[in-house]
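Enquirer: One structure follows; several queries about it will come next.
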Amino acid sequence: MKFTVKQAREYRNLTQREAAKQLGIALATYQGYEWSDVEMRIGMAKRFAKMVEIPLDQLIFYSKTS
């Protein structure tokens, strides 16, 4: 099963604010990841996967520019 960033966060019952805090980033930056306004770099993607306890290859990262 594949999860978008938003689905993965919701699967772990985290708010956007909680996810941003755990990742050590601003809420606006995190929202950009969910809304595909900001591309998540691989290091952050790995941290996100660990936080939500979902393997990186099961996460979908969209980009409005690609």
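Chain labels A, B, ... are given in the sequence in which chains occur in the structure tokens; within each chain residues are numbered consecutively from 1, and ligands are likewise numbered from 1 in the order shown.
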List the neighbours of A:Lys2 out to 7 Å using only C-alpha atoms; skip same-chain residues closer than 5 positions along the sequence, and give me the result as a compact mmCIF listing (two decimals) with C-alpha atoms, in the first residue's frame.
Expert:
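Contents of the output file selection_15.txt:
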```
# COMPACT_ATOMS: atom_id res chain seq x y z
CA GLN A 58 5.71 3.05 0.36
CA LEU A 59 5.45 6.85 0.46
CA ILE A 60 4.36 9.03 -2.45
```
Enquirer: Identify which of the residues A:Phe61, A:Leu27, A:Trp35, A:Val52 lies closest to A:Glu10, counting only C-alpha atoms when measuring atom-to-atom distances.
Expert: A:Val52
Enquirer: May I ask for the distance between atom CA of A:Arg41 and atom CA of A:Tyr62, given in Å to one decimal place?
Expert: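 Between atom CA of A:Arg41 and atom CA of A:Tyr62 the gap is 11.9 Å.
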Enquirer: Could you tell me how far atom CA of A:Ala28 lies from atom CA of A:Ile42, in Å and to one decimal?
Expert: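 Value for the atom CA of A:Ala28-atom CA of A:Ile42 distance: 18.8 Å.
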Enquirer: Quick one: everything within 12 Å of A:Ser36, counting only C-alpha atoms, minus sequence neighbours fewer than 2 positions away in the same chain. Send it as a list in words.
Expert: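 What passes the distance filter is Thr4, Val5, Lys6, Ala28, Thr29, Tyr30, Gln31, Gly32, Tyr33, Glu34, Val38, Glu39, Met40, Ile60, Phe61, Tyr62, Ser63, Lys64, Thr65 and Ser66 of chain A.
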Enquirer: Include C-alpha atoms and write out the residues we just selected as a CSV table (one decimal), in the first residue's frame.
Expert:
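Result written to out_17.csv:
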```csv
chain,number,residue,atom,x,y,z
A,4,THR,CA,0.8,10.3,0.4
A,5,VAL,CA,2.5,12.5,3.0
A,6,LYS,CA,-0.9,13.6,4.3
A,28,ALA,CA,4.5,26.4,6.9
A,29,THR,CA,7.3,24.3,5.5
A,30,TYR,CA,5.5,21.1,6.5
A,31,GLN,CA,2.3,22.3,4.9
A,32,GLY,CA,4.3,23.0,1.7
A,33,TYR,CA,5.3,19.3,1.7
A,34,GLU,CA,1.7,18.1,2.0
A,38,VAL,CA,7.8,22.4,-1.6
A,39,GLU,CA,9.8,19.3,-2.6
A,40,MET,CA,11.0,17.2,0.3
A,60,ILE,CA,4.4,9.0,-2.5
A,61,PHE,CA,5.9,12.5,-2.8
A,62,TYR,CA,4.2,14.6,-5.4
A,63,SER,CA,5.5,17.8,-6.9
A,64,LYS,CA,3.5,20.4,-8.7
A,65,THR,CA,6.5,21.2,-10.9
A,66,SER,CA,7.1,17.7,-12.1
```
Enquirer: Which neighbours of A:Lys50 fall inside 12 Å, counting only C-alpha atoms, when residues of the same chain fewer than 5 positions from it are skipped, and could you give them as a ChimeraX atom specification?
Expert: /A:8-9,12,19,22-23,43-45,55-59
Enquirer: What residues in chain A get the DSSP label strand (DSSP E)? Please answer as JSON, numbers by chain.
Expert: {"A": [3, 4, 59, 60]}
Enquirer: Take atom CA of A:Ala49 and atom CA of A:Lys21 and report the distance between them in Å, one decimal.
Expert: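 Interatomic distance, atom CA of A:Ala49 to atom CA of A:Lys21: 14.9 Å.
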Enquirer: Name the residues of stretch 30-65 of chain A that fall into helix (DSSP H, G or I) according to DSSP on the backbone, using the chain letters and numbers of this document, as number ranges by chain.
Expert: A: 30-34, 42-52, 56-58
Enquirer: Write to file, as a PDB file, in the first residue's frame, the residues of the selection just made, with C-alpha atoms.
Expert:
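Result went into part-v8.pdb, see below:
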```
ATOM      1  CA  TYR A  30       5.543  21.083   6.479  1.00  0.00           C
ATOM      2  CA  GLN A  31       2.300  22.291   4.906  1.00  0.00           C
ATOM      3  CA  GLY A  32       4.255  22.953   1.716  1.00  0.00           C
ATOM      4  CA  TYR A  33       5.318  19.298   1.698  1.00  0.00           C
ATOM      5  CA  GLU A  34       1.734  18.106   2.032  1.00  0.00           C
ATOM      6  CA  ILE A  42      15.818  12.790   0.568  1.00  0.00           C
ATOM      7  CA  GLY A  43      17.183  13.384   4.064  1.00  0.00           C
ATOM      8  CA  MET A  44      13.897  14.880   5.207  1.00  0.00           C
ATOM      9  CA  ALA A  45      11.965  12.119   3.422  1.00  0.00           C
ATOM     10  CA  LYS A  46      13.923   9.513   5.387  1.00  0.00           C
ATOM     11  CA  ARG A  47      13.216  11.346   8.660  1.00  0.00           C
ATOM     12  CA  PHE A  48       9.537  11.565   7.738  1.00  0.00           C
ATOM     13  CA  ALA A  49       9.370   7.839   6.914  1.00  0.00           C
ATOM     14  CA  LYS A  50      10.952   6.998  10.257  1.00  0.00           C
ATOM     15  CA  MET A  51       8.560   9.310  12.096  1.00  0.00           C
ATOM     16  CA  VAL A  52       5.443   7.764  10.540  1.00  0.00           C
ATOM     17  CA  LEU A  56      10.263   5.137   2.300  1.00  0.00           C
ATOM     18  CA  ASP A  57       9.337   3.091  -0.773  1.00  0.00           C
ATOM     19  CA  GLN A  58       5.710   3.050   0.359  1.00  0.00           C
TER      20      GLN A  58
END
```
